[in-house]
file structure_7.cif (mmCIF, C-alpha atoms and all ligand atoms)
data_input
#
loop_
_atom_site.group_PDB
_atom_site.id
_atom_site.type_symbol
_atom_site.label_atom_id
_atom_site.label_comp_id
_atom_site.auth_asym_id
_atom_site.auth_seq_id
_atom_site.Cartn_x
_atom_site.Cartn_y
_atom_site.Cartn_z
ATOM 1 C CA MET A 51 22.479 -7.994 25.329
ATOM 2 C CA ASN A 52 19.388 -10.120 25.292
ATOM 3 C CA ILE A 53 20.701 -13.642 24.976
ATOM 4 C CA THR A 54 17.284 -15.283 24.933
ATOM 5 C CA HIS A 55 16.127 -13.018 22.129
ATOM 6 C CA ASN A 56 19.322 -13.580 20.138
ATOM 7 C CA VAL A 57 19.091 -17.360 20.401
ATOM 8 C CA GLN A 58 15.434 -17.416 19.420
ATOM 9 C CA LYS A 59 16.056 -15.130 16.450
ATOM 10 C CA ILE A 60 19.045 -17.143 15.237
ATOM 11 C CA LEU A 61 17.138 -20.424 15.576
ATOM 12 C CA THR A 62 14.158 -18.952 13.720
ATOM 13 C CA ASP A 63 16.240 -17.507 10.890
ATOM 14 C CA LEU A 64 18.598 -20.462 10.554
ATOM 15 C CA PRO A 65 17.772 -22.626 7.577
ATOM 16 C CA GLU A 66 16.828 -26.044 8.912
ATOM 17 C CA CYS A 67 19.012 -27.664 6.287
ATOM 18 C CA ASN A 68 21.955 -26.675 4.106
ATOM 19 C CA PRO A 69 21.585 -26.974 0.304
ATOM 20 C CA TYR A 70 22.573 -30.641 0.592
ATOM 21 C CA GLY A 71 19.588 -31.381 2.826
ATOM 22 C CA GLU A 72 21.691 -31.846 5.968
ATOM 23 C CA LYS A 73 20.504 -30.521 9.307
ATOM 24 C CA VAL A 74 22.591 -27.583 10.553
ATOM 25 C CA THR A 75 23.831 -27.894 14.148
ATOM 26 C CA LEU A 76 24.342 -24.680 16.102
ATOM 27 C CA VAL A 77 27.150 -24.730 18.673
ATOM 28 C CA ALA A 78 27.336 -21.792 21.088
ATOM 29 C CA ALA A 79 30.964 -20.655 21.474
ATOM 30 C CA VAL A 80 31.081 -19.838 25.178
ATOM 31 C CA LYS A 81 34.613 -18.531 25.802
ATOM 32 C CA THR A 82 34.658 -15.700 28.382
ATOM 33 C CA ARG A 83 30.910 -16.093 29.106
ATOM 34 C CA THR A 84 29.620 -16.682 32.618
ATOM 35 C CA PRO A 85 27.681 -19.808 33.617
ATOM 36 C CA ALA A 86 24.572 -17.610 34.031
ATOM 37 C CA GLU A 87 24.898 -16.373 30.444
ATOM 38 C CA ILE A 88 25.521 -19.864 29.110
ATOM 39 C CA ASN A 89 22.574 -21.295 31.040
ATOM 40 C CA GLU A 90 20.324 -18.571 29.665
ATOM 41 C CA ALA A 91 21.327 -19.560 26.135
ATOM 42 C CA ILE A 92 20.611 -23.209 26.932
ATOM 43 C CA ARG A 93 17.179 -22.385 28.318
ATOM 44 C CA ALA A 94 16.481 -20.473 25.102
ATOM 45 C CA GLY A 95 17.166 -23.531 22.996
ATOM 46 C CA ILE A 96 20.924 -24.092 22.670
ATOM 47 C CA ALA A 97 21.706 -27.813 22.809
ATOM 48 C CA ASP A 98 25.437 -27.698 22.002
ATOM 49 C CA ILE A 99 28.154 -25.607 23.625
ATOM 50 C CA GLY A 100 31.795 -25.249 22.665
ATOM 51 C CA ASP A 101 34.723 -24.249 24.856
ATOM 52 C CA ASN A 102 38.127 -22.893 23.830
ATOM 53 C CA ARG A 103 40.046 -22.982 27.057
ATOM 54 C CA VAL A 104 40.507 -25.998 29.284
ATOM 55 C CA GLN A 105 40.679 -23.970 32.477
ATOM 56 C CA GLU A 106 37.411 -22.174 31.744
ATOM 57 C CA PHE A 107 35.759 -25.454 30.811
ATOM 58 C CA THR A 108 36.820 -27.047 34.082
ATOM 59 C CA GLN A 109 35.882 -24.078 36.247
ATOM 60 C CA LYS A 110 32.377 -23.779 34.803
ATOM 61 C CA TYR A 111 31.710 -27.464 34.244
ATOM 62 C CA SER A 112 29.518 -28.226 37.247
ATOM 63 C CA GLN A 113 27.543 -24.985 36.846
ATOM 64 C CA ILE A 114 26.221 -25.717 33.370
ATOM 65 C CA GLU A 115 22.601 -26.818 33.385
ATOM 66 C CA GLY A 116 20.452 -28.795 30.996
ATOM 67 C CA ASN A 117 23.041 -31.354 29.912
ATOM 68 C CA PRO A 118 24.046 -29.847 26.536
ATOM 69 C CA ARG A 119 26.392 -31.679 24.193
ATOM 70 C CA ARG A 120 29.953 -30.505 24.844
ATOM 71 C CA HIS A 121 32.376 -29.469 22.118
ATOM 72 C CA PHE A 122 35.990 -28.414 22.389
ATOM 73 C CA ILE A 123 36.838 -25.834 19.732
ATOM 74 C CA GLY A 124 40.091 -24.232 20.922
ATOM 75 C CA ARG A 125 43.784 -24.927 20.621
ATOM 76 C CA LEU A 126 44.560 -27.923 22.822
ATOM 77 C CA GLN A 127 47.879 -28.735 24.474
ATOM 78 C CA THR A 128 48.581 -32.426 24.927
ATOM 79 C CA ASN A 129 49.212 -32.009 28.663
ATOM 80 C CA LYS A 130 45.639 -30.704 29.100
ATOM 81 C CA ILE A 131 43.859 -33.623 27.431
ATOM 82 C CA LYS A 132 43.412 -35.359 30.769
ATOM 83 C CA TYR A 133 41.046 -32.636 31.987
ATOM 84 C CA LEU A 134 38.716 -33.141 29.024
ATOM 85 C CA LEU A 135 38.803 -36.883 28.553
ATOM 86 C CA GLY A 136 35.367 -38.472 28.614
ATOM 87 C CA LYS A 137 33.625 -35.098 28.971
ATOM 88 C CA ILE A 138 33.753 -33.895 25.361
ATOM 89 C CA ASP A 139 31.328 -35.168 22.733
ATOM 90 C CA LEU A 140 33.294 -33.726 19.806
ATOM 91 C CA TYR A 141 36.818 -32.295 19.558
ATOM 92 C CA HIS A 142 36.776 -29.822 16.631
ATOM 93 C CA SER A 143 40.325 -28.593 16.734
ATOM 94 C CA ILE A 144 42.596 -31.566 16.162
ATOM 95 C CA ASP A 145 45.234 -29.597 14.307
ATOM 96 C CA ARG A 146 48.376 -31.728 14.448
ATOM 97 C CA MET A 147 49.217 -35.394 14.357
ATOM 98 C CA ASN A 148 50.861 -35.639 17.773
ATOM 99 C CA LEU A 149 47.681 -34.276 19.365
ATOM 100 C CA ALA A 150 45.633 -36.972 17.604
ATOM 101 C CA GLU A 151 48.104 -39.624 18.748
ATOM 102 C CA GLU A 152 48.071 -38.470 22.357
ATOM 103 C CA LEU A 153 44.261 -38.225 22.478
ATOM 104 C CA ASN A 154 44.126 -41.708 20.986
ATOM 105 C CA ALA A 155 46.509 -43.116 23.588
ATOM 106 C CA GLN A 156 44.705 -41.547 26.533
ATOM 107 C CA SER A 157 41.282 -42.541 25.193
ATOM 108 C CA GLY A 158 42.520 -46.117 24.878
ATOM 109 C CA LYS A 159 43.690 -46.169 28.483
ATOM 110 C CA ARG A 160 40.233 -45.027 29.560
ATOM 111 C CA GLY A 161 38.494 -47.522 27.331
ATOM 112 C CA ILE A 162 36.627 -44.827 25.397
ATOM 113 C CA VAL A 163 36.437 -43.678 21.801
ATOM 114 C CA SER A 164 36.777 -39.913 21.231
ATOM 115 C CA ASN A 165 35.004 -38.169 18.355
ATOM 116 C CA ILE A 166 37.182 -35.724 16.460
ATOM 117 C CA LEU A 167 37.258 -33.325 13.532
ATOM 118 C CA LEU A 168 40.460 -32.554 11.674
ATOM 119 C CA GLU A 169 41.128 -28.815 11.566
ATOM 120 C CA ILE A 170 42.129 -27.549 8.150
ATOM 121 C CA ASN A 171 43.910 -24.234 7.657
ATOM 122 C CA ILE A 172 42.083 -23.606 4.411
ATOM 123 C CA GLY A 173 43.230 -19.988 4.111
ATOM 124 C CA GLY A 174 46.857 -21.068 4.459
ATOM 125 C CA GLU A 175 47.374 -18.490 7.205
ATOM 126 C CA SER A 176 50.675 -18.613 9.083
ATOM 127 C CA THR A 177 48.953 -17.355 12.250
ATOM 128 C CA LYS A 178 46.593 -20.343 12.369
ATOM 129 C CA GLY A 179 47.019 -23.965 13.302
ATOM 130 C CA GLY A 180 45.630 -26.848 11.334
ATOM 131 C CA PHE A 181 46.562 -29.155 8.508
ATOM 132 C CA SER A 182 47.090 -27.740 5.040
ATOM 133 C CA GLU A 183 44.567 -28.695 2.402
ATOM 134 C CA GLU A 184 47.221 -30.792 0.672
ATOM 135 C CA GLN A 185 47.645 -32.812 3.876
ATOM 136 C CA THR A 186 43.938 -33.546 4.291
ATOM 137 C CA GLU A 187 43.749 -36.994 2.735
ATOM 138 C CA GLN A 188 47.052 -38.233 4.084
ATOM 139 C CA THR A 189 46.155 -36.999 7.582
ATOM 140 C CA PHE A 190 42.781 -38.688 7.393
ATOM 141 C CA LYS A 191 44.471 -41.947 6.499
ATOM 142 C CA ALA A 192 46.953 -41.706 9.356
ATOM 143 C CA ALA A 193 44.337 -40.663 11.913
ATOM 144 C CA ALA A 194 41.904 -43.354 10.756
ATOM 145 C CA ALA A 195 44.455 -45.927 11.933
ATOM 146 C CA LEU A 196 44.135 -44.639 15.519
ATOM 147 C CA GLU A 197 41.561 -47.015 16.867
ATOM 148 C CA ASN A 198 40.352 -45.013 19.860
ATOM 149 C CA LEU A 199 39.412 -42.027 17.702
ATOM 150 C CA LYS A 200 36.445 -41.681 15.400
ATOM 151 C CA ILE A 201 36.948 -39.083 12.684
ATOM 152 C CA ARG A 202 33.603 -37.354 12.232
ATOM 153 C CA GLY A 203 34.682 -34.737 9.705
ATOM 154 C CA LEU A 204 36.477 -31.456 9.177
ATOM 155 C CA MET A 205 36.588 -28.078 10.855
ATOM 156 C CA THR A 206 37.982 -24.748 9.770
ATOM 157 C CA VAL A 207 38.201 -21.123 10.864
ATOM 158 C CA LEU A 208 37.988 -18.970 7.750
ATOM 159 C CA PRO A 209 40.230 -15.902 7.475
ATOM 160 C CA GLU A 210 38.925 -12.597 8.768
ATOM 161 C CA CYS A 211 38.201 -10.688 5.614
ATOM 162 C CA ASP A 212 35.413 -8.836 3.797
ATOM 163 C CA ASP A 213 35.849 -10.496 0.432
ATOM 164 C CA MET A 214 32.751 -12.679 0.357
ATOM 165 C CA GLN A 215 33.696 -14.274 -2.944
ATOM 166 C CA TYR A 216 37.053 -15.343 -1.605
ATOM 167 C CA LEU A 217 35.501 -16.707 1.595
ATOM 168 C CA SER A 218 32.871 -18.578 -0.421
ATOM 169 C CA SER A 219 35.582 -20.148 -2.547
ATOM 170 C CA LEU A 220 37.389 -21.369 0.587
ATOM 171 C CA ALA A 221 34.152 -22.699 2.077
ATOM 172 C CA ARG A 222 33.432 -24.529 -1.177
ATOM 173 C CA LYS A 223 36.869 -26.128 -1.046
ATOM 174 C CA MET A 224 36.157 -27.344 2.488
ATOM 175 C CA ARG A 225 32.940 -28.914 1.283
ATOM 176 C CA TYR A 226 34.892 -30.651 -1.480
ATOM 177 C CA TYR A 227 37.392 -32.171 0.988
ATOM 178 C CA PHE A 228 34.596 -33.091 3.380
ATOM 179 C CA GLU A 229 32.807 -35.057 0.644
ATOM 180 C CA LYS A 230 36.012 -36.771 -0.391
ATOM 181 C CA LEU A 231 36.480 -38.056 3.154
ATOM 182 C CA ARG A 232 32.852 -38.980 3.541
ATOM 183 C CA ASP A 233 33.212 -41.251 0.502
ATOM 184 C CA LYS A 234 35.861 -43.139 2.469
ATOM 185 C CA SER A 235 34.124 -43.557 5.821
ATOM 186 C CA ASP A 236 30.576 -43.828 7.137
ATOM 187 C CA ASP A 237 31.662 -42.072 10.335
ATOM 188 C CA VAL A 238 32.211 -38.748 8.543
ATOM 189 C CA ASP A 239 29.172 -36.502 8.939
ATOM 190 C CA PHE A 240 30.197 -33.043 10.199
ATOM 191 C CA LEU A 241 31.622 -30.025 8.434
ATOM 192 C CA SER A 242 32.165 -27.451 11.200
ATOM 193 C CA MET A 243 32.525 -24.100 9.483
ATOM 194 C CA GLY A 244 31.020 -20.695 10.168
ATOM 195 C CA MET A 245 31.210 -18.082 12.922
ATOM 196 C CA SER A 246 29.127 -14.969 13.659
ATOM 197 C CA GLY A 247 30.508 -13.013 10.695
ATOM 198 C CA ASP A 248 30.317 -15.651 7.999
ATOM 199 C CA TYR A 249 27.893 -18.418 8.949
ATOM 200 C CA MET A 250 25.192 -17.765 6.352
ATOM 201 C CA LEU A 251 27.799 -17.901 3.597
ATOM 202 C CA CYS A 252 29.204 -21.109 5.087
ATOM 203 C CA ILE A 253 25.799 -22.808 5.241
ATOM 204 C CA GLU A 254 25.170 -21.847 1.610
ATOM 205 C CA GLN A 255 28.397 -23.601 0.687
ATOM 206 C CA GLY A 256 27.529 -26.744 2.611
ATOM 207 C CA SER A 257 28.526 -26.344 6.246
ATOM 208 C CA ASN A 258 26.361 -28.390 8.612
ATOM 209 C CA MET A 259 27.768 -27.172 11.932
ATOM 210 C CA ILE A 260 28.306 -23.539 12.915
ATOM 211 C CA ARG A 261 29.965 -22.067 16.002
ATOM 212 C CA LEU A 262 28.522 -18.744 17.168
ATOM 213 C CA GLY A 263 29.717 -16.565 20.031
ATOM 214 C CA THR A 264 29.167 -12.866 19.345
ATOM 215 C CA ALA A 265 25.829 -13.386 17.571
ATOM 216 C CA ILE A 266 24.442 -15.052 20.707
ATOM 217 C CA PHE A 267 26.167 -13.273 23.595
ATOM 218 C CA GLY A 268 27.267 -9.947 22.106
ATOM 219 C CA PRO A 269 30.828 -8.624 21.798
ATOM 220 C CA ARG A 270 33.486 -10.151 24.052
ATOM 221 C CA ILE A 271 34.917 -7.631 26.483
HETATM 222 C C1 LIG B 301 35.379 -17.716 19.392
HETATM 223 C C2 LIG B 301 35.220 -18.775 18.378
HETATM 224 C C3 LIG B 301 34.064 -18.883 17.608
HETATM 225 C C4 LIG B 301 32.925 -17.897 17.685
HETATM 226 O O1 LIG B 301 33.332 -16.647 17.194
HETATM 227 P P1 LIG B 301 32.292 -15.438 16.997
HETATM 228 O O2 LIG B 301 32.906 -14.630 15.921
HETATM 229 O O3 LIG B 301 32.205 -14.733 18.291
HETATM 230 O O4 LIG B 301 30.999 -16.042 16.586
HETATM 231 C C5 LIG B 301 33.984 -19.939 16.723
HETATM 232 N N1 LIG B 301 34.977 -20.832 16.579
HETATM 233 C C6 LIG B 301 36.103 -20.757 17.292
HETATM 234 C C7 LIG B 301 37.159 -21.769 17.093
HETATM 235 C C8 LIG B 301 36.262 -19.727 18.203
HETATM 236 O O5 LIG B 301 37.402 -19.631 18.893
#
call {"tool": "encode", "arguments": {"input": "structure_7.cif", "output": "structure tokens"}}
result
Amino acid sequence: MNITHNVQKILTDLPECNPYGEKVTLVAAVKTRTPAEINEAIRAGIADIGDNRVQEFTQKYSQIEGNPRRHFIGRLQTNKIKYLLGKIDLYHSIDRMNLAEELNAQSGKRGIVSNILLEINIGGESTKGGFSEEQTEQTFKAAAALENLKIRGLMTVLPECDDMQYLSSLARKMRYYFEKLRDKSDDVDFLSMGMSGDYMLCIEQGSNMIRLGTAIFGPRI
């Protein structure tokens, strides 16, 4: 797999803006990849990387070069927050209220504000975490009261399926909820939606942040 080539091709082909005129941010999803692979992607132009697992993040942390922005995109247990605190620019996967509350409390103790996205389970899948679409507004309200968190937007992982029309309809719904929240707060600016299999569709529907693993690094072994 030629990581440099993949990154350059993705960056060339990526529309600079979504249909709403917003810049699209590319986050490299680096789970299972070695520091050498990640550093190659960074040298090729990746400025944002996203980790899923706290242990991997910690182990590789000092070996990552080029000072990319750091995202956390995986399921997070409250007892692991302490390993990430102050090192993550954006937490994508805030999927339950007690996680938001605990991150808020620990951020407060450190004297920092943590940037978060609320994860929405837009496909209503029982296998996935996240708030239901019906909970979106109420969750936003509750989380907005946590003063050491800044809610920057919404994140979702779309279902794995080949029905492009169905996926587009879900992506459109996410855009709708994103805009509703953005009307309520100037802090809201990111809609994190789109992976290797569906990112073009997601950008067309108004995503402005995509998370790519396979498209950059090849299949995970
Ligand atoms: C692994 C992962 C990705 C990237 O998936 P690919 O299909 O390899 O692009 C994106 N988002 C999350 C939350 C992930 O866990």
call {"tool": "residues_near_ligand", "arguments": {"input": "structure_7.cif", "ligand": "ligand LIG 301 (chain B)", "cutoff": "7 Å", "atoms": "only C-alpha atoms and all ligand atoms", "output": "CSV table (one decimal) with C-alpha atoms, in the coordinates of the input"}}
result
chain,number,residue,atom,x,y,z
A,79,ALA,CA,31.0,-20.7,21.5
A,81,LYS,CA,34.6,-18.5,25.8
A,102,ASN,CA,38.1,-22.9,23.8
A,123,ILE,CA,36.8,-25.8,19.7
A,124,GLY,CA,40.1,-24.2,20.9
A,207,VAL,CA,38.2,-21.1,10.9
A,245,MET,CA,31.2,-18.1,12.9
A,246,SER,CA,29.1,-15.0,13.7
A,247,GLY,CA,30.5,-13.0,10.7
A,261,ARG,CA,30.0,-22.1,16.0
A,262,LEU,CA,28.5,-18.7,17.2
A,263,GLY,CA,29.7,-16.6,20.0
A,264,THR,CA,29.2,-12.9,19.3
A,265,ALA,CA,25.8,-13.4,17.6
call {"tool": "resolve_selection", "arguments": {"input": "structure_7.cif", "expression": "the PyMOL selection byres (((chain A and resi 76) around 7) and not hetatm)", "output": "list in words"}}
result
Val74, Thr75, Val77, Ala78, Asp98, Met259, Ile260 and Arg261 of chain A
call {"tool": "axis_aligned_box", "arguments": {"input": "structure_7.cif", "around": "region 165-181 of chain A", "padding_each_side": "5 Å", "output": "JSON"}}
result
{"center_x": 42.8, "center_y": -27.8, "center_z": 11.2, "size_x": 25.7, "size_y": 30.8, "size_z": 24.2}
call {"tool": "resolve_selection", "arguments": {"input": "structure_7.cif", "expression": "the PyMOL selection byres (((chain A and resi 220) around 12) and not hetatm)", "output": "MDAnalysis selection string"}}
result
chainID A and resid 170:174 183 206:209 211 213:219 221:227 243:244 248 251:252 255:257
call {"tool": "closest_residue", "arguments": {"input": "structure_7.cif", "among": "A:Glu229, A:Glu210, A:Asp139, A:Glu90", "to": "Glu175 (chain A)", "atoms": "all atoms listed in the file"}}
result
A:Glu210
call {"tool": "closest_residue", "arguments": {"input": "structure_7.cif", "among": "A:Ile96, A:Leu241, A:Ile253, A:Leu140", "to": "Leu199 (chain A)", "atoms": "all atoms listed in the file"}}
result
A:Leu140
call {"tool": "atom_distance", "arguments": {"input": "structure_7.cif", "atom1": "CA of Lys73 (chain A)", "atom2": "CA of Tyr249 (chain A)"}}
result
14.2 Å
call {"tool": "resolve_selection", "arguments": {"input": "structure_7.cif", "expression": "the PyMOL selection byres (((chain A and resi 55) around 12) and not hetatm)", "output": "PyMOL selection string"}}
result
chain A and resi 51-54+56-62+90-91+93-95+265-268
call {"tool": "atom_distance", "arguments": {"input": "structure_7.cif", "atom1": "CA of Arg83 (chain A)", "atom2": "CA of Asn117 (chain A)"}}
result
17.2 Å
call {"tool": "closest_residue", "arguments": {"input": "structure_7.cif", "among": "A:His142, A:Lys178, A:Lys200, A:Arg120", "to": "Ser157 (chain A)", "atoms": "all atoms listed in the file"}}
result
A:Lys200
call {"tool": "atom_distance", "arguments": {"input": "structure_7.cif", "atom1": "CA of Pro65 (chain A)", "atom2": "CA of Asp212 (chain A)"}}
result
22.7 Å
call {"tool": "closest_residue", "arguments": {"input": "structure_7.cif", "among": "A:Arg103, A:Arg146, A:Leu167, A:Gly158", "to": "Ser182 (chain A)", "atoms": "all atoms listed in the file"}}
result
A:Arg146
call {"tool": "residues_around", "arguments": {"input": "structure_7.cif", "residues": "region 161-163 of chain A", "least_positions_apart": "4", "cutoff": "12 Å", "atoms": "only C-alpha atoms", "output": "list in words"}}
result
Leu135, Gly136, Lys137, Ile138, Asp139, Leu140, Tyr141, Leu153, Asn154, Ala155, Gln156, Ser157, Leu196, Glu197, Asn198, Leu199, Lys200, Ile201 and Arg202 of chain A
call {"tool": "decode", "arguments": {"input": "structure_7.cif", "residues": "region 146-244 of chain A", "atoms": "C-alpha atoms", "output": "mmCIF file, in the first residue's frame"}}
result
data_model
loop_
_atom_site.group_PDB
_atom_site.id
_atom_site.type_symbol
_atom_site.label_atom_id
_atom_site.label_comp_id
_atom_site.auth_asym_id
_atom_site.auth_seq_id
_atom_site.Cartn_x
_atom_site.Cartn_y
_atom_site.Cartn_z
ATOM 1 C CA ARG A 146 -23.703 9.086 26.607
ATOM 2 C CA MET A 147 -24.409 11.712 29.208
ATOM 3 C CA ASN A 148 -22.296 10.258 32.009
ATOM 4 C CA LEU A 149 -19.251 10.363 29.723
ATOM 5 C CA ALA A 150 -19.899 14.057 29.017
ATOM 6 C CA GLU A 151 -20.296 14.719 32.738
ATOM 7 C CA GLU A 152 -17.098 12.914 33.667
ATOM 8 C CA LEU A 153 -15.072 14.617 30.914
ATOM 9 C CA ASN A 154 -16.489 17.926 32.107
ATOM 10 C CA ALA A 155 -15.515 17.253 35.717
ATOM 11 C CA GLN A 156 -11.979 16.163 34.879
ATOM 12 C CA SER A 157 -11.478 19.047 32.442
ATOM 13 C CA GLY A 158 -12.572 21.451 35.171
ATOM 14 C CA LYS A 159 -10.047 20.032 37.616
ATOM 15 C CA ARG A 160 -7.321 20.585 35.031
ATOM 16 C CA GLY A 161 -8.516 24.068 34.221
ATOM 17 C CA ILE A 162 -9.100 23.254 30.550
ATOM 18 C CA VAL A 163 -12.046 23.265 28.182
ATOM 19 C CA SER A 164 -12.497 20.116 26.062
ATOM 20 C CA ASN A 165 -13.995 20.267 22.570
ATOM 21 C CA ILE A 166 -16.584 17.594 21.890
ATOM 22 C CA LEU A 167 -19.016 16.277 19.305
ATOM 23 C CA LEU A 168 -22.181 14.460 20.295
ATOM 24 C CA GLU A 169 -22.398 11.054 18.623
ATOM 25 C CA ILE A 170 -25.780 10.320 17.105
ATOM 26 C CA ASN A 171 -26.910 6.793 16.280
ATOM 27 C CA ILE A 172 -28.764 7.983 13.211
ATOM 28 C CA GLY A 173 -29.394 4.480 11.858
ATOM 29 C CA GLY A 174 -30.970 3.446 15.158
ATOM 30 C CA GLU A 175 -28.712 0.391 15.294
ATOM 31 C CA SER A 176 -28.749 -1.637 18.508
ATOM 32 C CA THR A 177 -25.080 -2.564 17.999
ATOM 33 C CA LYS A 178 -23.965 1.077 18.069
ATOM 34 C CA GLY A 179 -23.575 3.631 20.807
ATOM 35 C CA GLY A 180 -24.743 7.195 20.575
ATOM 36 C CA PHE A 181 -27.781 9.309 21.268
ATOM 37 C CA SER A 182 -30.961 8.705 19.311
ATOM 38 C CA GLU A 183 -32.030 11.412 16.909
ATOM 39 C CA GLU A 184 -34.971 12.214 19.176
ATOM 40 C CA GLN A 185 -32.529 12.898 22.022
ATOM 41 C CA THR A 186 -30.356 15.289 20.018
ATOM 42 C CA GLU A 187 -31.800 18.610 21.126
ATOM 43 C CA GLN A 188 -32.358 17.632 24.731
ATOM 44 C CA THR A 189 -28.818 16.226 24.960
ATOM 45 C CA PHE A 190 -27.387 19.382 23.457
ATOM 46 C CA LYS A 191 -29.189 21.434 26.069
ATOM 47 C CA ALA A 192 -27.950 19.286 28.938
ATOM 48 C CA ALA A 193 -24.373 19.137 27.654
ATOM 49 C CA ALA A 194 -24.306 22.877 26.942
ATOM 50 C CA ALA A 195 -24.712 23.426 30.690
ATOM 51 C CA LEU A 196 -21.382 21.660 31.333
ATOM 52 C CA GLU A 197 -19.062 24.609 31.456
ATOM 53 C CA ASN A 198 -15.758 22.847 30.813
ATOM 54 C CA LEU A 199 -16.984 21.376 27.528
ATOM 55 C CA LYS A 200 -17.467 23.150 24.237
ATOM 56 C CA ILE A 201 -19.918 21.400 21.934
ATOM 57 C CA ARG A 202 -18.536 21.779 18.422
ATOM 58 C CA GLY A 203 -21.112 19.674 16.595
ATOM 59 C CA LEU A 204 -22.283 16.176 15.784
ATOM 60 C CA MET A 205 -20.698 12.922 14.715
ATOM 61 C CA THR A 206 -22.146 9.721 13.349
ATOM 62 C CA VAL A 207 -21.106 6.349 11.958
ATOM 63 C CA LEU A 208 -23.568 5.426 9.226
ATOM 64 C CA PRO A 209 -24.755 1.815 8.960
ATOM 65 C CA GLU A 210 -22.799 -0.566 6.768
ATOM 66 C CA CYS A 211 -25.053 -1.017 3.797
ATOM 67 C CA ASP A 212 -25.122 -0.695 0.003
ATOM 68 C CA ASP A 213 -28.341 1.266 -0.253
ATOM 69 C CA MET A 214 -26.977 4.664 -1.235
ATOM 70 C CA GLN A 215 -30.391 6.297 -1.143
ATOM 71 C CA TYR A 216 -30.977 5.153 2.400
ATOM 72 C CA LEU A 217 -27.511 6.299 3.493
ATOM 73 C CA SER A 218 -28.042 9.668 1.804
ATOM 74 C CA SER A 219 -31.324 10.101 3.641
ATOM 75 C CA LEU A 220 -29.591 9.438 6.977
ATOM 76 C CA ALA A 221 -26.757 11.824 6.113
ATOM 77 C CA ARG A 222 -29.311 14.487 5.191
ATOM 78 C CA LYS A 223 -31.008 14.031 8.552
ATOM 79 C CA MET A 224 -27.668 14.547 10.298
ATOM 80 C CA ARG A 225 -27.186 17.770 8.388
ATOM 81 C CA TYR A 226 -30.649 18.880 9.505
ATOM 82 C CA TYR A 227 -29.855 18.273 13.200
ATOM 83 C CA PHE A 228 -26.439 19.879 12.814
ATOM 84 C CA GLU A 229 -28.018 23.072 11.449
ATOM 85 C CA LYS A 230 -30.614 23.110 14.195
ATOM 86 C CA LEU A 231 -27.858 23.081 16.812
ATOM 87 C CA ARG A 232 -25.759 25.596 14.957
ATOM 88 C CA ASP A 233 -28.692 28.023 15.135
ATOM 89 C CA LYS A 234 -28.426 27.764 18.918
ATOM 90 C CA SER A 235 -24.684 28.187 19.418
ATOM 91 C CA ASP A 236 -21.786 29.896 17.667
ATOM 92 C CA ASP A 237 -19.469 27.123 18.862
ATOM 93 C CA VAL A 238 -21.105 24.527 16.593
ATOM 94 C CA ASP A 239 -19.114 24.118 13.382
ATOM 95 C CA PHE A 240 -18.345 20.434 12.724
ATOM 96 C CA LEU A 241 -20.413 17.638 11.252
ATOM 97 C CA SER A 242 -18.150 14.568 11.417
ATOM 98 C CA MET A 243 -19.625 12.027 9.035
ATOM 99 C CA GLY A 244 -18.088 9.811 6.379
#
